[in-house]
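Undergrad: Below are the structure tokens for one structure; questions will follow.
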Amino acid sequence: MTALKELTLDVVKVRADFPILERKVHGYPLIYLDNAATSQTPRQVIATFDDYYRRYNANIHRGLHTLADEATAAYEGTRETVRAFLNARERREIVFTRGTTEAINLVANAWGRANLKAGDEVLVSLMEHHSNIVPWQLLAEQLGIVIKVIPVDERGVLDLDAYRDLFTERTRLVAVNHVSNAFGTINPVKELAGIAHAHDALILIDGAQAAPHEPIDVQDIDADFYAFSGHKVYGPTGAGALYGKAALLEAMPPWQGGGEMIKTVSFDTGTSFADIPHRFEAGTPAIAEVIALGKALEWVSGIGLELIGGWEQQLLAHATERLVAVDGLRILGTAPHKAGVISFVVDGAHSQDIGLLIDQLGVAIRTGHHCAQPLLTHFGVDATCRASFAAYNTPEEIDIFVDALERVIGMVR
Amino acid sequence: MTALDAQAELVDEFEMFDNWMDRYQYIIDMGKQLPAFPDEWKSAETKIEGCQSNVWMHHRLDGGRLHFDAISDAAIVSGLIAVLMRIYNDRTPQEIVSTEPSFLEELGLDKHLSPTRSNGLHAMLGRIYQVAESQAA
């Protein structure tokens with residue numbers, strides 16, 4: 001008999017796992033609300049690094065000695081953890097990358113160069129992070145492919161009718177995020193995938209902002225490619241993953257060449273490449289980081305993304321209620337389905353001033369264009385303030401944040 | 001008063017405050033007194049990059065002395081402009097070039113407004129020295 005699942009998140013218990021939350025900034029307790037940029041790291045993940053370098057630091061896959069064997073087992077063990085995290089069919093569908101950006105560049109360079117010709121079309125949404133725009137622009141310059149932009153409405157929601165209308169017989173790929181990093185909009189990726197497939201196009205989903213907030217099921221979505229970053233899901237920087245359907249990955253040529261990705265190398269008879277996923281993992285990877293990523297996903301799964309997502313929705317509702325009451329404050333991105341991200345601008349107070357001054361009170365938020373300049377330009381601003389939430393944030397922290405915000409607005413007006 | 005005297009005067013003023021929120025308020029209030037900046041001065045040449053806010057800096061040589069005007073849409077940057085104007089305005093290019101920006105450290109601005117925070121202070125300072133060097137040459 002299984003134990004009853006907890007219904008609410010025990011935030012005190014969660015916070016105890018994050019040593020950084022004990023620090024003070026300018027004499028104030030740190031209130032960290034820049035989780036969409038990077039999340040903080042639980043002690044279990046931090047301990048992974050210490051354990052790895054003290055006990056089994058070795059290069060993976062080739063060595064016959066015990067340390068290499070243990071490191072390889074831990075590294076490949078994370079592949080299984082990621083497979084389960086995304087509900088992929090097979091482990092070999094998981095390619096380790098430095099993060100989402102590298103994963104998208106991998107698809108653009110390995111799949112894109114092999115499959116796209118001049119005049120072929122890639123659909124990208126207006127709310128993409130630059131990392132899901134620029135790789136396609138580079139490819140457009142080099143191959144002559146055409147980038148078409150899926151528009152958004154005034155709430156920051158994708159216009160699905162316009163999306164359908166963009167497809168032509170030349171449309172080969174849709175590249176969209178699951179959750180907007182700038183506005184927090186949760187996109188209907190399953191529906192987007194269905195429409196793409198009905199037009200014989202593939203779909204690549206940038207899941208960087210979704211992975212920390214809701215359970216991901218790449219089979220249910222029917223994603224062709226799905227990418228996420230470890231450092232936004234309580235893991236370390238430098239490790240992330242690309243999911244690709246096995247048949248797609250198998251048909252893709254390598255992107256980077258080097259060790260680990262070959263079967264045999266010869267100057268006479270040529271070089272043959274390793275099977276997936278190792279074909280796409282040239283050189284010594286970030287071994288400790290990947291192992292730590294596995295630990296982070298275990299930590300997340302131990303609490304449960306349903307519970308974390310539900311808690312963040314409570315934080316989002318509370319923060320929204322408090323922020324709309326601030327004089328002259330306007331929230332950008334009012335989609336009905338949002339992750340724990342709030343972007344806002346304030347009349348008479350530049351986001352840069354707010355960011356600098358609120359830091360003096362120990363509050364970390366993000367200001368600027370959030371690497372989503374096309375979206376911000378569309379909404380007529382060049383910068384916003386963004387507060388984004390994680391499992392360890394509390395309603396009390398949001399109250400302190402909003403009180404601090406009102407104080408600093410008063411200083412600059 | 002020399003540029004060095006102006007720096008010393010600012011250091012004295014800053015010492016009246018025992019915390020940074022008050023210092024920021026003082027900087028912001030100085031920025032509110034900046035003279036008007038005509039729209040026709042806003043151009044690609046006067047725009048200063050490397051800042052989260054928009055900054056333009058205009059300069060002219062008047063009787064062998066450099067006069068700077070600048071504007072920003074952000075309050076702290078406007079205040080920093082006022083600080084820079086007090087130190088560098090109406091000096092000869094030679095005096096500017098030979099004046100070390102020691103106020104950055106003495107006021108603690110190097111810690112609070114470090115280049116990584118892309119606040120424009122270092123970009124504005126760079127522009128002032130660049131203009132002075134080209135005029136002094």
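Identifiers in the structure tokens: chain A, B, ... in order shown; residue index from 1 per chain; ligand index from 1 in order shown.
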Pick out the chain A residues within 7 Å of chain B. Count only C-alpha atoms. Give them as a list of chain:residue names.
TA: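 Residues of chain A within 7 Å of chain B, counting only C-alpha atoms: A:His350, A:Gln352, A:Asp353, A:Gln360, A:Gly368, A:Met411, A:Val412.
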Undergrad: Need the shell around B:Glu95: protein/DNA/RNA residues with any atom at most 10 Å away, counting only C-alpha atoms. Skip same-chain ones fewer than 6 positions apart. Format as a compact mmCIF listing (two decimals) with C-alpha atoms, in the first residue's frame?
TA:
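Listing of result.txt after writing:
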# COMPACT_ATOMS: atom_id res chain seq x y z
CA THR B 2 40.07 71.52 -10.08
CA ALA B 3 38.66 68.16 -11.08
CA LEU B 4 40.45 66.69 -8.08
CA ARG B 65 37.41 73.74 -22.21
CA TYR B 88 34.74 66.89 -15.58
CA ALA B 132 39.38 64.46 -23.89
CA ALA B 136 44.32 66.81 -26.16
Undergrad: Restricting the calculation to only C-alpha atoms, which member of B:Ile48, B:Ala82, B:Ser98, B:Pro93 is positioned closest to B:His122?
TA: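 Between B:Ile48, B:Ala82, B:Ser98, B:Pro93, the residue approaching B:His122 most closely is B:Ile48.
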Undergrad: Determine which residues of stretch 203-283 of chain A receive a DSSP assignment of strand (DSSP E), computed from the backbone, and state them as a count of residues only.
TA: 19
Undergrad: For stretch 274-286 of chain A, find every residue with an atom within 6 Å (counting only C-alpha atoms), except residues of its own chain fewer than 3 positions away, and show them as a ChimeraX atom specification.
TA: /A:92,95,254,257-263,289
Undergrad: How would the residues just picked look written out with N, CA and C atoms as a short mmCIF file (atom, residue, chain, number, x, y, z; two decimals), in the first residue's frame?
TA:
data_model
loop_
_atom_site.label_atom_id
_atom_site.label_comp_id
_atom_site.auth_asym_id
_atom_site.auth_seq_id
_atom_site.Cartn_x
_atom_site.Cartn_y
_atom_site.Cartn_z
N ARG A 92 18.53 6.07 -25.27
CA ARG A 92 19.37 6.59 -26.36
C ARG A 92 18.74 7.80 -27.03
N VAL A 95 20.34 13.07 -25.35
CA VAL A 95 21.70 13.54 -25.64
C VAL A 95 22.05 14.60 -24.61
N PRO A 254 26.69 13.62 -37.41
CA PRO A 254 27.25 14.30 -36.23
C PRO A 254 27.32 15.80 -36.46
N GLY A 257 32.92 16.87 -34.08
CA GLY A 257 33.72 15.65 -34.15
C GLY A 257 34.72 15.60 -33.01
N GLY A 258 35.15 14.39 -32.65
CA GLY A 258 36.14 14.26 -31.60
C GLY A 258 36.12 12.88 -31.01
N GLY A 259 36.67 12.77 -29.80
CA GLY A 259 36.63 11.49 -29.11
C GLY A 259 35.21 11.18 -28.69
N GLU A 260 34.96 9.99 -28.25
CA GLU A 260 33.67 9.54 -27.70
C GLU A 260 32.59 9.34 -28.76
N MET A 261 32.71 10.04 -29.92
CA MET A 261 31.59 10.00 -30.87
C MET A 261 31.89 9.11 -32.07
N ILE A 262 32.98 8.35 -32.02
CA ILE A 262 33.36 7.56 -33.19
C ILE A 262 33.30 6.06 -32.90
N LYS A 263 33.22 5.26 -33.97
CA LYS A 263 33.42 3.81 -33.83
C LYS A 263 34.87 3.50 -34.15
N GLU A 289 28.93 17.54 -13.72
CA GLU A 289 27.71 18.34 -13.87
C GLU A 289 26.53 17.45 -14.29
#
Undergrad: Taking into account only C-alpha atoms, which residue in the set A:Gly99, A:Pro42, A:Pro374, A:Gly207 is nearest to A:Leu126?
TA: A:Pro374
Undergrad: Output as a PDB file with C-alpha atoms, in the first residue's frame all residues of stretch 67-118 of chain A that backbone DSSP marks as helix (DSSP H, G or I).
TA:
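As written to disk, states_16.pdb reads:
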ATOM      1  CA  LEU A  67      36.987   4.820 -11.159  1.00  0.00           C
ATOM      2  CA  ALA A  68      36.142   5.027 -14.876  1.00  0.00           C
ATOM      3  CA  ASP A  69      33.563   2.316 -14.431  1.00  0.00           C
ATOM      4  CA  GLU A  70      31.884   4.108 -11.521  1.00  0.00           C
ATOM      5  CA  ALA A  71      31.942   7.485 -13.286  1.00  0.00           C
ATOM      6  CA  THR A  72      30.483   5.927 -16.437  1.00  0.00           C
ATOM      7  CA  ALA A  73      27.768   4.198 -14.452  1.00  0.00           C
ATOM      8  CA  ALA A  74      26.809   7.459 -12.727  1.00  0.00           C
ATOM      9  CA  TYR A  75      26.883   9.439 -15.987  1.00  0.00           C
ATOM     10  CA  GLU A  76      24.820   6.884 -17.909  1.00  0.00           C
ATOM     11  CA  GLY A  77      22.592   6.513 -14.865  1.00  0.00           C
ATOM     12  CA  THR A  78      21.646  10.164 -15.297  1.00  0.00           C
ATOM     13  CA  ARG A  79      20.605   9.376 -18.860  1.00  0.00           C
ATOM     14  CA  GLU A  80      18.024   7.011 -17.419  1.00  0.00           C
ATOM     15  CA  THR A  81      16.979   9.657 -14.876  1.00  0.00           C
ATOM     16  CA  VAL A  82      16.470  12.191 -17.676  1.00  0.00           C
ATOM     17  CA  ARG A  83      14.606   9.624 -19.769  1.00  0.00           C
ATOM     18  CA  ALA A  84      12.201   9.046 -16.925  1.00  0.00           C
ATOM     19  CA  PHE A  85      11.947  12.801 -16.218  1.00  0.00           C
ATOM     20  CA  LEU A  86      10.812  13.451 -19.802  1.00  0.00           C
ATOM     21  CA  ARG A  91      17.640   6.134 -23.001  1.00  0.00           C
ATOM     22  CA  ARG A  92      19.367   6.591 -26.358  1.00  0.00           C
ATOM     23  CA  GLU A  93      16.919   9.367 -27.163  1.00  0.00           C
ATOM     24  CA  THR A 100      19.143  24.327 -23.988  1.00  0.00           C
ATOM     25  CA  THR A 101      21.130  26.684 -26.213  1.00  0.00           C
ATOM     26  CA  GLU A 102      23.564  23.988 -27.236  1.00  0.00           C
ATOM     27  CA  ALA A 103      20.718  21.526 -27.738  1.00  0.00           C
ATOM     28  CA  ILE A 104      18.966  23.877 -30.163  1.00  0.00           C
ATOM     29  CA  ASN A 105      22.230  24.575 -31.974  1.00  0.00           C
ATOM     30  CA  LEU A 106      22.754  20.830 -32.241  1.00  0.00           C
ATOM     31  CA  VAL A 107      19.382  20.369 -33.935  1.00  0.00           C
ATOM     32  CA  ALA A 108      19.972  23.367 -36.206  1.00  0.00           C
ATOM     33  CA  ASN A 109      23.383  22.115 -37.277  1.00  0.00           C
ATOM     34  CA  ALA A 110      22.938  18.336 -37.369  1.00  0.00           C
ATOM     35  CA  TRP A 111      19.297  17.976 -38.404  1.00  0.00           C
ATOM     36  CA  GLY A 112      19.000  21.365 -40.101  1.00  0.00           C
ATOM     37  CA  ARG A 113      22.010  21.118 -42.392  1.00  0.00           C
ATOM     38  CA  ALA A 114      21.081  17.598 -43.448  1.00  0.00           C
ATOM     39  CA  ASN A 115      17.406  18.291 -44.047  1.00  0.00           C
TER      40      ASN A 115
END
Undergrad: Measuring atom to atom with only C-alpha atoms, identify which of B:His58, B:Arg23, B:Arg91, B:His67 is nearest to B:Phe37.
TA: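 Closest to B:Phe37, using only C-alpha atoms: B:His58.
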Undergrad: What's around stretch 229-234 of chain A at 8 Å? Count only C-alpha atoms, leave out sequence neighbours fewer than 5 positions away in its own chain, and write the answer as a ChimeraX atom specification.
TA: /A:35-42,98-100,208-209,211-212,239-241,293,296-297,300
Undergrad: Those residues you just picked out, can you put them in a file as a short mmCIF file (atom, residue, chain, number, x, y, z; two decimals), in the first residue's frame with all heavy atoms?
TA:
data_model
loop_
_atom_site.label_atom_id
_atom_site.label_comp_id
_atom_site.auth_asym_id
_atom_site.auth_seq_id
_atom_site.Cartn_x
_atom_site.Cartn_y
_atom_site.Cartn_z
N ASN A 35 14.61 33.15 -10.56
CA ASN A 35 14.72 31.71 -10.83
C ASN A 35 14.59 31.35 -12.30
O ASN A 35 15.05 30.29 -12.71
CB ASN A 35 13.66 30.96 -10.01
CG ASN A 35 13.92 31.13 -8.53
OD1 ASN A 35 14.84 30.53 -8.00
ND2 ASN A 35 13.15 31.98 -7.86
N ALA A 36 13.98 32.22 -13.09
CA ALA A 36 13.89 31.93 -14.52
C ALA A 36 15.24 32.08 -15.20
O ALA A 36 15.47 31.56 -16.28
CB ALA A 36 12.85 32.84 -15.19
N ALA A 37 16.15 32.81 -14.55
CA ALA A 37 17.52 32.93 -15.08
C ALA A 37 18.34 31.72 -14.64
O ALA A 37 18.97 31.05 -15.44
CB ALA A 37 18.17 34.22 -14.62
N THR A 38 18.34 31.48 -13.36
CA THR A 38 18.94 30.24 -12.84
C THR A 38 18.34 29.97 -11.47
O THR A 38 18.06 30.90 -10.72
CB THR A 38 20.48 30.33 -12.77
OG1 THR A 38 21.04 29.01 -12.83
CG2 THR A 38 20.97 30.99 -11.51
N SER A 39 18.12 28.70 -11.19
CA SER A 39 17.57 28.34 -9.88
C SER A 39 18.72 28.04 -8.93
O SER A 39 19.84 27.76 -9.36
CB SER A 39 16.67 27.11 -10.01
OG SER A 39 17.35 26.09 -10.72
N GLN A 40 18.45 28.11 -7.65
CA GLN A 40 19.48 27.78 -6.67
C GLN A 40 19.61 26.27 -6.53
O GLN A 40 18.80 25.50 -7.06
CB GLN A 40 19.18 28.46 -5.34
CG GLN A 40 19.23 29.99 -5.44
CD GLN A 40 20.59 30.51 -5.94
OE1 GLN A 40 21.61 29.82 -5.86
NE2 GLN A 40 20.60 31.73 -6.47
N THR A 41 20.65 25.86 -5.82
CA THR A 41 21.08 24.46 -5.85
C THR A 41 20.94 23.82 -4.48
O THR A 41 21.51 24.32 -3.50
CB THR A 41 22.56 24.41 -6.29
OG1 THR A 41 22.74 25.31 -7.38
CG2 THR A 41 22.96 23.02 -6.70
N PRO A 42 20.20 22.72 -4.38
CA PRO A 42 20.07 22.06 -3.08
C PRO A 42 21.38 21.39 -2.65
O PRO A 42 22.21 21.02 -3.49
CB PRO A 42 18.97 21.03 -3.31
CG PRO A 42 18.92 20.81 -4.78
CD PRO A 42 19.41 22.06 -5.42
N ARG A 98 25.39 21.14 -23.15
CA ARG A 98 25.70 22.13 -22.10
C ARG A 98 24.43 22.75 -21.56
O ARG A 98 24.41 23.29 -20.47
CB ARG A 98 26.59 23.24 -22.68
CG ARG A 98 28.05 22.89 -22.75
CD ARG A 98 28.89 24.12 -23.05
NE ARG A 98 28.61 24.64 -24.37
CZ ARG A 98 28.42 25.92 -24.65
NH1 ARG A 98 28.48 26.83 -23.71
NH2 ARG A 98 28.18 26.31 -25.89
N GLY A 99 23.39 22.73 -22.36
CA GLY A 99 22.13 23.31 -21.92
C GLY A 99 21.20 23.42 -23.10
O GLY A 99 21.43 22.81 -24.15
N THR A 100 20.15 24.19 -22.93
CA THR A 100 19.14 24.33 -23.99
C THR A 100 19.74 24.96 -25.24
O THR A 100 19.47 24.52 -26.36
CB THR A 100 17.98 25.19 -23.48
OG1 THR A 100 17.49 24.61 -22.27
CG2 THR A 100 16.86 25.25 -24.49
N ALA A 208 13.21 24.93 -21.54
CA ALA A 208 14.05 25.45 -20.45
C ALA A 208 13.21 25.98 -19.29
O ALA A 208 13.55 25.78 -18.13
CB ALA A 208 14.97 26.54 -20.99
N GLN A 209 12.12 26.68 -19.62
CA GLN A 209 11.31 27.30 -18.56
C GLN A 209 10.17 26.40 -18.09
O GLN A 209 9.47 26.74 -17.14
CB GLN A 209 10.73 28.64 -19.06
CG GLN A 209 11.77 29.68 -19.39
CD GLN A 209 12.55 30.15 -18.16
OE1 GLN A 209 12.09 30.00 -17.03
NE2 GLN A 209 13.72 30.69 -18.39
N ALA A 211 10.54 22.81 -17.69
CA ALA A 211 11.04 21.67 -16.91
C ALA A 211 11.00 21.89 -15.39
O ALA A 211 10.74 20.95 -14.65
CB ALA A 211 12.46 21.33 -17.36
N PRO A 212 11.25 23.13 -14.90
CA PRO A 212 11.21 23.30 -13.44
C PRO A 212 9.80 23.39 -12.88
O PRO A 212 9.64 23.37 -11.66
CB PRO A 212 11.92 24.65 -13.22
CG PRO A 212 12.43 25.08 -14.54
CD PRO A 212 11.71 24.34 -15.58
N ALA A 239 25.22 21.63 -17.84
CA ALA A 239 24.64 20.33 -18.20
C ALA A 239 23.16 20.49 -18.49
O ALA A 239 22.42 21.07 -17.70
CB ALA A 239 24.84 19.31 -17.08
N GLY A 240 22.76 19.98 -19.63
CA GLY A 240 21.35 19.97 -20.01
C GLY A 240 21.15 18.80 -20.94
O GLY A 240 22.04 17.96 -21.08
N ALA A 241 19.99 18.75 -21.55
CA ALA A 241 19.73 17.59 -22.40
C ALA A 241 18.85 17.95 -23.59
O ALA A 241 18.04 18.87 -23.54
CB ALA A 241 19.07 16.48 -21.60
N LEU A 293 23.22 16.85 -12.34
CA LEU A 293 21.91 17.09 -12.95
C LEU A 293 20.96 15.94 -12.59
O LEU A 293 19.79 16.16 -12.25
CB LEU A 293 22.05 17.22 -14.48
CG LEU A 293 20.76 17.10 -15.30
CD1 LEU A 293 19.77 18.21 -14.94
CD2 LEU A 293 21.09 17.16 -16.80
N ALA A 296 19.79 16.44 -9.20
CA ALA A 296 18.80 17.52 -9.13
C ALA A 296 17.42 17.02 -9.56
O ALA A 296 16.41 17.33 -8.93
CB ALA A 296 19.23 18.69 -10.01
N LEU A 297 17.38 16.23 -10.62
CA LEU A 297 16.09 15.72 -11.10
C LEU A 297 15.49 14.75 -10.07
O LEU A 297 14.27 14.72 -9.89
CB LEU A 297 16.25 15.04 -12.46
CG LEU A 297 16.72 15.96 -13.60
CD1 LEU A 297 16.78 15.19 -14.92
CD2 LEU A 297 15.83 17.20 -13.74
N VAL A 300 13.97 16.94 -7.44
CA VAL A 300 12.69 17.48 -7.92
C VAL A 300 11.61 16.41 -7.88
O VAL A 300 10.50 16.65 -7.39
CB VAL A 300 12.85 18.03 -9.37
CG1 VAL A 300 11.49 18.29 -9.99
CG2 VAL A 300 13.69 19.30 -9.37
#
Undergrad: For A:Asn87, find every residue with an atom within 8 Å (counting only C-alpha atoms), except residues of its own chain fewer than 6 positions away, and show them as a list in words.
TA: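 So the residues in contact are Ile216, Asp217, Val218 and Gln219 of chain A.
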Undergrad: Which residues are near stretch 21-28 of chain A? Cut-off 8 Å, only C-alpha atoms, ignore same chain within fewer than 5 positions. Put them as number ranges by chain.
TA: A: 15, 359-362
